[in-house]
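Note: the block below is target.txt and it holds compact mmCIF, C-alpha atoms.
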# COMPACT_ATOMS: atom_id res chain seq x y z
CA MET A 1 12.71 37.66 15.58
CA LYS A 2 16.25 38.48 16.77
CA TYR A 3 16.12 35.33 18.90
CA LEU A 4 15.34 33.20 15.83
CA GLU A 5 17.92 34.97 13.67
CA LYS A 6 20.57 34.18 16.27
CA ILE A 7 19.52 30.52 16.19
CA GLY A 8 19.64 30.58 12.37
CA ASN A 9 23.12 32.10 12.30
CA ASN A 10 24.30 29.57 14.91
CA SER A 11 23.07 26.75 12.67
CA LYS A 12 24.85 28.13 9.60
CA VAL A 13 28.16 28.32 11.48
CA ALA A 14 27.69 24.82 12.94
CA PHE A 15 26.78 23.37 9.53
CA ARG A 16 30.09 24.52 8.05
CA GLN A 17 31.97 22.58 10.73
CA LEU A 18 29.67 19.59 10.47
CA ASN A 19 30.59 19.02 6.84
CA LEU A 20 34.26 18.61 7.78
CA ILE A 21 33.63 15.83 10.33
CA ASP A 22 34.32 12.20 9.42
CA HIS A 23 31.89 9.36 10.03
CA LYS A 24 33.95 7.96 12.91
CA LYS A 25 33.41 11.20 14.86
CA ILE A 26 29.67 11.08 14.08
CA LYS A 27 29.48 7.62 15.65
CA GLN A 28 31.46 8.77 18.70
CA VAL A 29 28.99 11.59 19.38
CA LEU A 30 26.01 9.23 19.11
CA GLU A 31 27.70 6.74 21.44
CA THR A 32 28.36 9.53 23.94
CA TYR A 33 24.72 10.63 23.72
CA ASN A 34 23.55 7.09 24.32
CA LYS A 35 25.66 6.86 27.48
CA LEU A 36 24.30 10.21 28.66
CA LEU A 37 20.73 8.96 28.22
CA LEU A 38 21.59 6.01 30.46
CA SER A 39 23.47 7.94 33.14
CA ASN A 40 20.82 10.69 33.28
CA ASN A 41 17.87 8.31 33.35
CA ASN A 42 16.52 9.64 36.66
CA LYS A 43 16.99 13.29 35.68
CA ILE A 44 15.05 12.73 32.45
CA ILE A 45 12.19 11.07 34.32
CA LYS A 46 12.20 13.90 36.91
CA GLU A 47 11.85 16.56 34.19
CA ASN A 48 9.20 14.47 32.45
CA THR A 49 7.20 14.18 35.66
CA LYS A 50 6.93 17.99 35.73
CA ASP A 51 5.40 17.93 32.26
CA VAL A 52 2.97 15.14 33.11
CA LYS A 53 1.80 17.00 36.24
CA ASN A 54 1.30 20.23 34.27
CA CYS A 55 -0.43 18.59 31.31
CA LYS A 56 -4.04 19.71 31.00
CA ARG A 57 -4.81 17.61 27.90
CA LYS A 58 -5.42 14.14 29.32
CA ASN A 59 -5.41 12.51 25.86
CA PHE A 60 -1.75 13.61 25.51
CA ILE A 61 -0.47 11.93 28.67
CA GLU A 62 0.11 8.48 27.14
CA ARG A 63 2.37 10.00 24.46
CA LEU A 64 4.02 12.33 26.96
CA ILE A 65 5.14 9.88 29.67
CA LEU A 66 8.79 8.80 29.72
CA ASP A 67 9.78 5.83 31.88
CA LYS A 68 12.87 3.59 31.86
CA LYS A 69 11.33 1.36 29.21
CA LYS A 70 10.73 4.29 26.85
CA ILE A 71 14.21 5.67 27.48
CA ASP A 72 15.60 2.21 26.66
CA GLY A 73 13.58 2.40 23.44
CA MET A 74 15.19 5.75 22.61
CA ARG A 75 18.63 4.29 23.28
CA TYR A 76 17.84 1.31 21.04
CA SER A 77 16.92 3.71 18.22
CA VAL A 78 20.22 5.57 18.66
CA ASP A 79 22.08 2.23 18.62
CA GLU A 80 20.40 1.34 15.32
CA ILE A 81 21.27 4.74 13.83
CA ILE A 82 24.92 4.29 14.89
CA LYS A 83 25.09 1.04 12.88
CA PHE A 84 23.99 2.63 9.61
CA LYS A 85 26.60 3.29 6.95
CA ASP A 86 27.54 6.89 6.27
CA PRO A 87 24.78 8.26 4.00
CA ILE A 88 26.91 11.18 2.82
CA GLY A 89 29.45 11.20 -0.01
CA ASN A 90 28.09 8.06 -1.64
CA ILE A 91 28.23 7.79 -5.43
CA LEU A 92 24.60 7.15 -6.38
CA ASN A 93 25.34 6.90 -10.07
CA LYS A 94 28.14 7.66 -12.50
CA TRP A 95 28.62 7.69 -16.24
CA GLU A 96 30.85 9.04 -19.01
CA ARG A 97 29.74 11.07 -22.01
CA PRO A 98 31.08 10.59 -25.57
CA ASN A 99 32.99 13.89 -25.23
CA GLY A 100 34.94 12.52 -22.26
CA LEU A 101 33.00 14.25 -19.48
CA LYS A 102 32.80 12.12 -16.34
CA ILE A 103 29.66 12.71 -14.26
CA LYS A 104 28.95 11.47 -10.73
CA LYS A 105 25.76 11.86 -8.69
CA VAL A 106 26.85 12.13 -5.02
CA SER A 107 24.76 12.23 -1.82
CA ILE A 108 24.97 15.39 0.32
CA PRO A 109 23.17 16.75 3.43
CA ILE A 110 20.02 18.85 3.00
CA GLY A 111 21.38 21.51 5.37
CA ILE A 112 19.35 23.00 8.21
CA ILE A 113 16.13 21.21 9.15
CA GLY A 114 13.40 22.75 11.27
CA VAL A 115 11.15 20.29 13.08
CA ILE A 116 7.88 21.31 14.76
CA TYR A 117 6.30 18.60 16.88
CA GLU A 118 3.81 18.03 19.67
CA SER A 119 3.74 15.85 22.75
CA ARG A 120 6.16 12.97 22.13
CA PRO A 121 9.54 13.76 23.78
CA ASN A 122 11.23 10.80 22.04
CA VAL A 123 10.99 12.88 18.84
CA THR A 124 13.70 15.17 20.28
CA SER A 125 16.06 12.21 20.56
CA ASP A 126 15.14 10.63 17.20
CA VAL A 127 15.35 13.88 15.24
CA SER A 128 18.65 14.98 16.78
CA ALA A 129 20.28 11.60 16.04
CA LEU A 130 18.87 11.19 12.52
CA CYS A 131 19.73 14.73 11.45
CA PHE A 132 23.22 14.53 12.92
CA LYS A 133 23.94 11.14 11.32
CA SER A 134 23.08 12.64 7.94
CA ARG A 135 25.17 15.75 8.76
CA ASN A 136 22.22 18.11 8.95
CA CYS A 137 21.74 20.75 11.63
CA SER A 138 18.38 20.70 13.41
CA ILE A 139 16.27 23.44 14.96
CA LEU A 140 13.65 21.90 17.24
CA LYS A 141 10.32 23.44 18.30
CA GLY A 142 8.60 20.99 20.59
CA GLY A 143 5.14 21.29 22.10
CA SER A 144 4.82 23.30 25.32
CA GLU A 145 3.28 20.31 27.14
CA ALA A 146 6.63 18.44 26.84
CA PHE A 147 8.88 21.47 27.38
CA ASN A 148 10.99 20.16 30.28
CA SER A 149 11.41 16.69 28.75
CA ASN A 150 12.40 18.09 25.36
CA ARG A 151 14.84 20.58 26.85
CA ILE A 152 16.80 18.01 28.86
CA LEU A 153 16.99 15.59 25.90
CA ALA A 154 18.19 18.36 23.56
CA ASN A 155 20.72 19.57 26.14
CA LEU A 156 22.08 16.04 26.59
CA PHE A 157 22.66 15.82 22.83
CA ARG A 158 24.37 19.23 22.91
CA ASP A 159 26.55 17.96 25.79
CA ALA A 160 27.51 14.94 23.66
CA LEU A 161 28.55 17.31 20.85
CA SER A 162 30.60 19.52 23.19
CA LYS A 163 32.34 16.53 24.79
CA ASN A 164 33.53 15.56 21.30
CA TYR A 165 34.66 19.14 20.44
CA ILE A 166 31.87 19.76 17.96
CA ASP A 167 29.77 22.94 17.87
CA LYS A 168 26.79 22.21 20.13
CA ASN A 169 24.59 24.38 17.90
CA VAL A 170 24.36 21.50 15.45
CA VAL A 171 21.22 20.86 17.55
CA GLN A 172 19.21 23.77 18.92
CA PHE A 173 16.01 23.73 20.93
CA ILE A 174 13.72 26.77 20.83
CA GLU A 175 13.00 27.64 24.44
CA GLN A 176 10.66 30.58 23.84
CA ARG A 177 7.04 29.51 24.29
CA ASP A 178 5.32 32.43 22.55
CA ARG A 179 2.93 31.00 19.95
CA LYS A 180 3.98 33.69 17.45
CA ILE A 181 7.44 32.10 17.38
CA VAL A 182 6.09 29.27 15.22
CA GLU A 183 4.65 31.67 12.64
CA ASP A 184 7.94 33.59 12.52
CA LEU A 185 9.88 30.34 12.21
CA LEU A 186 7.77 29.34 9.20
CA SER A 187 7.52 32.69 7.44
CA LYS A 188 10.69 34.64 8.26
CA MET A 189 13.49 32.05 8.38
CA THR A 190 13.86 31.25 4.67
CA LYS A 191 17.47 32.52 4.78
CA TYR A 192 18.38 29.92 7.39
CA ILE A 193 16.15 26.83 7.19
CA ASP A 194 16.15 24.52 4.16
CA VAL A 195 13.15 22.36 5.01
CA ILE A 196 10.42 22.18 7.67
CA ILE A 197 9.08 18.88 9.01
CA PRO A 198 5.86 18.96 11.07
CA ARG A 199 5.24 15.96 13.28
CA GLY A 200 1.90 15.90 15.01
CA GLY A 201 -1.83 16.10 14.48
CA LYS A 202 -3.90 17.46 11.63
CA ASN A 203 -4.22 20.97 13.11
CA LEU A 204 -0.46 21.35 13.52
CA VAL A 205 0.25 20.21 9.96
CA LYS A 206 -2.48 22.50 8.56
CA LYS A 207 -0.92 25.44 10.38
CA VAL A 208 2.54 24.61 9.04
CA GLN A 209 1.23 24.30 5.48
CA LYS A 210 -0.67 27.58 5.81
CA PHE A 211 2.17 29.73 7.12
CA SER A 212 5.35 28.09 5.81
CA LYS A 213 7.37 29.82 3.11
CA ILE A 214 9.92 27.01 3.52
CA PRO A 215 9.47 23.62 1.72
CA VAL A 216 7.53 21.17 3.92
CA ILE A 217 7.97 17.39 4.29
CA GLY A 218 5.05 15.70 6.00
CA HIS A 219 1.52 14.42 5.84
CA LEU A 220 -1.80 16.00 6.70
CA GLU A 221 -3.82 12.83 7.34
CA GLY A 222 -3.31 9.07 7.48
CA LEU A 223 -6.57 7.80 6.02
CA CYS A 224 -5.41 4.20 5.60
CA HIS A 225 -7.38 1.44 3.84
CA ILE A 226 -7.38 -2.35 3.78
CA TYR A 227 -8.99 -4.22 0.89
CA ILE A 228 -10.00 -7.84 1.58
CA ASP A 229 -10.01 -9.79 -1.67
CA SER A 230 -12.26 -12.84 -2.30
CA GLU A 231 -9.11 -14.99 -2.60
CA SER A 232 -7.88 -14.48 0.93
CA SER A 233 -7.75 -16.41 4.20
CA VAL A 234 -10.47 -15.46 6.70
CA LYS A 235 -8.05 -16.07 9.57
CA MET A 236 -5.30 -13.90 8.09
CA SER A 237 -7.76 -11.16 7.13
CA SER A 238 -9.21 -11.08 10.62
CA GLN A 239 -5.81 -10.99 12.34
CA VAL A 240 -4.47 -8.21 10.12
CA VAL A 241 -7.58 -6.01 10.32
CA LEU A 242 -7.88 -6.35 14.13
CA ASN A 243 -4.23 -5.43 14.57
CA ALA A 244 -4.34 -2.60 12.02
CA LYS A 245 -7.35 -1.00 13.72
CA MET A 246 -7.14 -1.82 17.41
CA ARG A 247 -3.43 -2.19 18.34
CA ARG A 248 -3.14 1.59 18.63
CA THR A 249 -6.06 3.57 17.28
CA SER A 250 -4.46 7.03 17.56
CA ILE A 251 -1.49 6.58 15.21
CA CYS A 252 -1.42 7.65 11.56
CA GLY A 253 -0.90 4.04 10.42
CA ALA A 254 -4.17 2.80 11.94
CA VAL A 255 -6.64 1.56 9.32
CA GLU A 256 -9.73 3.75 9.00
CA THR A 257 -11.67 2.21 6.08
CA LEU A 258 -12.16 -1.48 5.33
CA LEU A 259 -13.10 -2.50 1.77
CA ILE A 260 -14.47 -6.04 1.34
CA ASN A 261 -15.03 -7.92 -1.91
CA SER A 262 -18.81 -8.39 -2.27
CA LYS A 263 -18.33 -12.15 -2.84
CA SER A 264 -16.83 -12.42 0.65
CA LEU A 265 -19.25 -10.37 2.73
CA ARG A 266 -20.69 -13.38 4.55
CA SER A 267 -17.53 -15.53 4.72
CA HIS A 268 -15.10 -12.70 5.65
CA GLY A 269 -17.09 -9.56 6.38
CA VAL A 270 -19.50 -10.91 9.00
CA PRO A 271 -16.93 -12.56 11.32
CA ILE A 272 -14.48 -9.65 10.98
CA ILE A 273 -17.12 -7.01 11.73
CA LYS A 274 -18.35 -9.05 14.73
CA LYS A 275 -14.78 -9.29 16.07
CA LEU A 276 -14.25 -5.54 15.65
CA ILE A 277 -17.46 -4.81 17.55
CA SER A 278 -16.61 -7.25 20.35
CA SER A 279 -13.20 -5.56 20.63
CA GLY A 280 -14.89 -2.24 21.39
CA CYS A 281 -14.77 -0.76 17.89
CA THR A 282 -17.64 1.28 16.48
CA VAL A 283 -18.43 0.08 12.95
CA VAL A 284 -20.32 2.03 10.28
CA VAL A 285 -21.23 0.19 7.06
CA ASP A 286 -22.83 0.64 3.64
CA LYS A 287 -26.41 -0.46 2.90
CA LYS A 288 -25.41 -3.78 1.36
CA ILE A 289 -23.50 -4.89 4.47
CA ASN A 290 -26.15 -3.52 6.82
CA LYS A 291 -28.79 -5.62 5.05
CA ILE A 292 -26.81 -8.77 5.99
CA PHE A 293 -26.87 -7.56 9.61
CA LYS A 294 -30.66 -6.98 9.37
CA ASN A 295 -30.10 -3.20 9.42
CA GLN A 296 -28.86 -3.27 13.02
CA LEU A 297 -25.60 -1.41 12.34
CA LYS A 298 -25.03 2.31 11.76
CA LEU A 299 -24.97 3.43 8.13
CA ALA A 300 -21.83 5.12 6.85
CA LYS A 301 -22.25 8.60 5.40
CA GLU A 302 -20.20 10.18 2.63
CA GLN A 303 -18.14 11.99 5.27
CA ASP A 304 -17.07 8.66 6.81
CA TRP A 305 -15.08 7.73 3.68
CA LYS A 306 -13.16 11.00 4.13
CA THR A 307 -12.54 10.71 7.86
CA GLU A 308 -9.38 9.79 9.77
CA TYR A 309 -10.96 8.73 13.06
CA LEU A 310 -7.81 8.18 15.16
CA ASP A 311 -10.15 6.32 17.48
CA ALA A 312 -11.84 2.91 17.87
CA LYS A 313 -14.07 3.46 14.86
CA ILE A 314 -13.96 2.10 11.31
CA SER A 315 -16.03 2.51 8.13
CA VAL A 316 -16.70 -0.62 6.03
CA LYS A 317 -17.72 -0.75 2.37
CA SER A 318 -18.40 -3.55 -0.11
CA VAL A 319 -16.69 -3.38 -3.52
CA GLN A 320 -17.12 -5.66 -6.52
CA HIS A 321 -13.44 -6.15 -7.37
CA VAL A 322 -9.90 -4.88 -6.87
CA HIS A 323 -10.33 -2.14 -9.47
CA GLU A 324 -13.24 -0.63 -7.53
CA ALA A 325 -11.15 -0.82 -4.33
CA VAL A 326 -8.35 1.08 -6.05
CA ARG A 327 -10.78 3.69 -7.39
CA HIS A 328 -12.19 4.24 -3.89
CA ILE A 329 -8.67 4.73 -2.46
CA LEU A 330 -7.67 7.12 -5.26
CA LYS A 331 -10.81 9.18 -4.52
CA TYR A 332 -10.73 9.25 -0.72
CA GLY A 333 -7.19 8.24 0.33
CA THR A 334 -4.45 10.55 1.58
CA MET A 335 -1.48 8.74 -0.04
CA HIS A 336 -0.30 7.40 3.34
CA THR A 337 -0.62 3.59 3.67
CA ASP A 338 -3.00 1.18 1.94
CA CYS A 339 -3.08 -2.62 2.02
CA ILE A 340 -4.53 -5.58 0.12
CA ILE A 341 -5.13 -8.98 1.71
CA THR A 342 -5.11 -11.69 -0.96
CA ASN A 343 -3.49 -14.97 -1.91
CA ASN A 344 -3.62 -14.06 -5.61
CA SER A 345 -0.32 -12.47 -6.67
CA LYS A 346 -1.78 -10.98 -9.88
CA THR A 347 -4.59 -9.27 -7.95
CA ALA A 348 -2.03 -8.00 -5.45
CA GLU A 349 0.04 -6.54 -8.29
CA ILE A 350 -2.99 -4.69 -9.70
CA PHE A 351 -3.63 -3.14 -6.27
CA LEU A 352 -0.01 -2.32 -5.41
CA ASN A 353 0.58 -0.67 -8.79
CA GLY A 354 -2.82 1.06 -8.82
CA VAL A 355 -2.84 2.91 -5.49
CA ASN A 356 -0.83 6.14 -5.15
CA SER A 357 0.11 5.52 -1.50
CA ALA A 358 3.57 6.34 -0.14
CA ILE A 359 3.40 2.85 1.41
CA ALA A 360 1.53 0.04 -0.39
CA MET A 361 1.21 -3.24 1.52
CA HIS A 362 0.28 -6.86 0.80
CA ASN A 363 -0.94 -9.08 3.67
CA VAL A 364 0.55 -6.75 6.30
CA SER A 365 -0.95 -4.67 9.11
CA THR A 366 -0.88 -0.97 8.28
CA GLN A 367 0.55 -0.37 11.78
CA PHE A 368 3.95 -1.27 10.29
CA ALA A 369 3.97 2.16 8.62
CA ASP A 370 6.81 3.26 10.87
CA GLY A 371 10.47 4.11 10.33
CA GLY A 372 11.61 1.90 13.21
CA GLU A 373 9.74 -1.07 11.73
CA PHE A 374 11.33 -0.34 8.34
CA GLY A 375 14.77 -0.67 9.94
CA PHE A 376 15.48 3.07 9.80
CA GLY A 377 16.27 3.21 13.53
CA GLY A 378 13.51 5.79 13.89
CA GLU A 379 11.85 8.43 11.77
CA ILE A 380 11.35 12.15 11.66
CA GLY A 381 7.90 11.55 10.24
CA ILE A 382 6.02 10.01 7.33
CA SER A 383 5.85 11.93 4.09
CA THR A 384 2.89 11.67 1.73
CA ASN A 385 4.36 14.24 -0.66
CA LYS A 386 4.48 13.09 -4.27
CA MET A 387 7.98 14.52 -4.53
CA PRO A 388 10.61 12.56 -2.58
CA PRO A 389 11.15 11.72 0.17
CA ARG A 390 8.02 9.56 0.59
CA GLY A 391 7.02 7.24 3.43
CA PRO A 392 9.06 7.06 6.65
CA VAL A 393 11.78 9.71 6.69
CA GLY A 394 15.01 8.27 8.11
CA VAL A 395 18.72 8.90 7.64
CA GLU A 396 18.92 8.24 3.90
CA GLN A 397 15.80 10.29 3.22
CA LEU A 398 17.43 13.31 4.90
CA THR A 399 19.94 13.66 2.07
CA SER A 400 20.00 15.43 -1.26
CA TYR A 401 22.57 15.08 -4.04
CA LYS A 402 24.80 17.03 -6.37
CA TYR A 403 26.48 16.28 -9.68
CA ILE A 404 30.25 16.31 -9.91
CA VAL A 405 31.47 16.77 -13.48
CA SER A 406 35.13 16.38 -14.49
CA GLY A 407 37.02 16.57 -17.74
CA LYS A 408 40.41 17.45 -19.24
CA GLY A 409 40.01 21.09 -20.13
CA THR A 410 36.87 20.07 -22.01
CA THR A 411 35.08 22.90 -23.87
CA ARG A 412 31.66 22.93 -25.51
CA SER A 413 31.46 23.63 -29.25
Mind converting the file's structure to structure tokens?
Amino acid sequence: MKYLEKIGNNSKVAFRQLNLIDHKKIKQVLETYNKLLLSNNNKIIKENTKDVKNCKRKNFIERLILDKKKIDGMRYSVDEIIKFKDPIGNILNKWERPNGLKIKKVSIPIGIIGVIYESRPNVTSDVSALCFKSRNCSILKGGSEAFNSNRILANLFRDALSKNYIDKNVVQFIEQRDRKIVEDLLSKMTKYIDVIIPRGGKNLVKKVQKFSKIPVIGHLEGLCHIYIDSESSVKMSSQVVLNAKMRRTSICGAVETLLINSKSLRSHGVPIIKKLISSGCTVVVDKKINKIFKNQLKLAKEQDWKTEYLDAKISVKSVQHVHEAVRHILKYGTMHTDCIITNNSKTAEIFLNGVNSAIAMHNVSTQFADGGEFGFGGEIGISTNKMPPRGPVGVEQLTSYKYIVSGKGTTRS
């Protein structure tokens, strides 16, 4: 615990300095970091190779590998973050009261952000840059399978801070690998950490939610839906569904349940289901759809409507209209990302207003549920909390606000 307390105290000291730095200096640090990523390309890959060789979970290797292309992608994200306007000190609203009080709502940093994540080393780069841009300190606990990769990326960011005469403890990487360290981080660091962000699979997020005494931003599951309306193009529907399911099946924005208007089962449903199957996707369907396929497909069970597969599998259900589609999503969805495909703007409006998703889409693949695709330069994660922030968490979402009230010796009667 003394190790964590030292990290917490370091962050508090660094945060005080961070709030005195102007935006020009912030950009200079990020530019320095970007250059360090380029000049240390081979060192990063060397450290990453150690992790890949040691990795015992083969399904993690794709996410774990860093090559020149992925490092270029990290540098592109940093470049995008550099271009953003300063998110701090902005007047979000202002007004004057009849008694002469002048009130301003002004953006401020959250403070110290703890991020717990698994096997993607690029998270170290994204989180460090996003938190720093919004003048937050970050405490990073990466997965043990990416230890060497995460450490070198964090140390390069700390070097960029030091080269610009800023306290390097603005970014800190937890190097202790004891599993108990995560529980202590979540339950005993309330004096130091303002918010925890988990980024990883369902088990990680469950653990964070179970143990954390610190407010959590994140999502447990991404059970995403697409509803195909009767007034939609077969071609567009097919393209969107195939991309949303099969582009990358393991991401939280992959569609898991397909809802099809019962009027369009033969015109839309049959060709789309056949394309999914020919693409290597396992399809489970309700009785009505299976009857059309002469009962040759697997029947969906109740559990299927509740399941985030994260694999080449999809459940398909027929619904009578948009209202039934919305009701299904409200019952089984996880408030992540849900989409309607339709050419009818009024039907689209009913759907978009009816679902409670953090991201509601119209004629768009759910795989666009990503901070980079939103123009945020990257993301710390996707939040399905009802309280803000919601959706991709980028620079602007890592801010809070305060009210500044001024008067002329004004007293209250």
Just the residues within 12 Å of stretch 177-194 of chain A, please, counting all atoms listed in the file, with nothing from its chain fewer than 4 positions along; format it as a PyMOL selection string.
chain A and resi 1-15+109-117+136-148+173+198+204-205+207-217+398-400
Each residue of stretch 13-38 of chain A lying at most 12 Å from stretch 88-98 of chain A should get a row with its shortest atom-to-atom pair and the distance in Å to one decimal, counting all atoms listed in the file; could you produce that, ordered by chain and increasing number, as a Markdown table?
| residue | atom | partner | partner_atom | distance |
| --- | --- | --- | --- | --- |
| A:Leu18 | CA | A:Ile88 | CA | 11.7 |
| A:Asn19 | CA | A:Ile88 | CA | 9.5 |
| A:Leu20 | CA | A:Ile88 | CA | 11.6 |
| A:Ile21 | CA | A:Ile88 | CA | 11.1 |
| A:Asp22 | CA | A:Ile88 | CA | 10.0 |
| A:His23 | CA | A:Ile88 | CA | 8.9 |
| A:Ile26 | CA | A:Ile88 | CA | 11.6 |
Please compute the atom CA of A:Asn34-atom CA of A:Gln176 distance, one decimal, in Å.
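Those two atoms sit 26.8 Å apart.
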Show which residues sit within 10 Å of stretch 43-46 of chain A, as a list of chain:residue names. Count all atoms listed in the file, and ignore same-chain residues fewer than 6 positions away.
A:Leu37, A:Ile65, A:Leu66, A:Asp67, A:Lys68, A:Ile71, A:Asn148, A:Ser149, A:Asn150, A:Arg151, A:Ile152, A:Leu153, A:Leu156
The distance between atom CA of A:Thr410 and atom CA of A:Val106 is 21.3 Å
Measuring atom to atom with only C-alpha atoms, identify which of A:His225, A:Ser406, A:Val285, A:Pro121 is nearest to A:Glu47.
A:Pro121
For A:Gly377, which of A:Gly394, A:Pro389, A:Gly354, A:Gly333 is the closest residue, counting all atoms listed in the file?
A:Gly394
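In terms of minimum interatomic distance to A:Ser279, A:Arg247 ranks closest within A:Arg247, A:Arg158, A:Lys58, A:Arg16, counting all atoms listed in the file.
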Which residues are near A:Gly371? Cut-off 12 Å, only C-alpha atoms, ignore same chain within fewer than 3 positions. Put them as a PyMOL selection string.
chain A and resi 77+80-81+126-127+130+253+359+367-368+374-383+390-397
Set the distance at 12 Å and use all atoms listed in the file: which residues neighbour A:Leu259 once local chain neighbours fewer than 6 positions away are removed? I'd like the list as a PyMOL selection string.
chain A and resi 224-230+237+241+265+268-269+272-273+285-286+289+305+314-329+338-341
The distance between atom CA of A:Glu221 and atom CA of A:Met246 is 18.1 Å
Of the candidates A:Ile197, A:Val171, A:Val405, A:Met361, which shows the shortest atom-to-atom distance to A:Lys104, using all atoms listed in the file?
A:Val405
Counting all atoms listed in the file, what is within 10 Å of A:Ile166, bar same-chain residues fewer than 2 positions away, as a ChimeraX atom specification?
/A:14,17-18,21,25-26,29,158-164,168-170
Measuring atom to atom with all atoms listed in the file, identify which of A:Cys55, A:Ile174, A:Ala254, A:Leu64 is nearest to A:Arg120.
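Between A:Cys55, A:Ile174, A:Ala254, A:Leu64, the residue approaching A:Arg120 most closely is A:Leu64.
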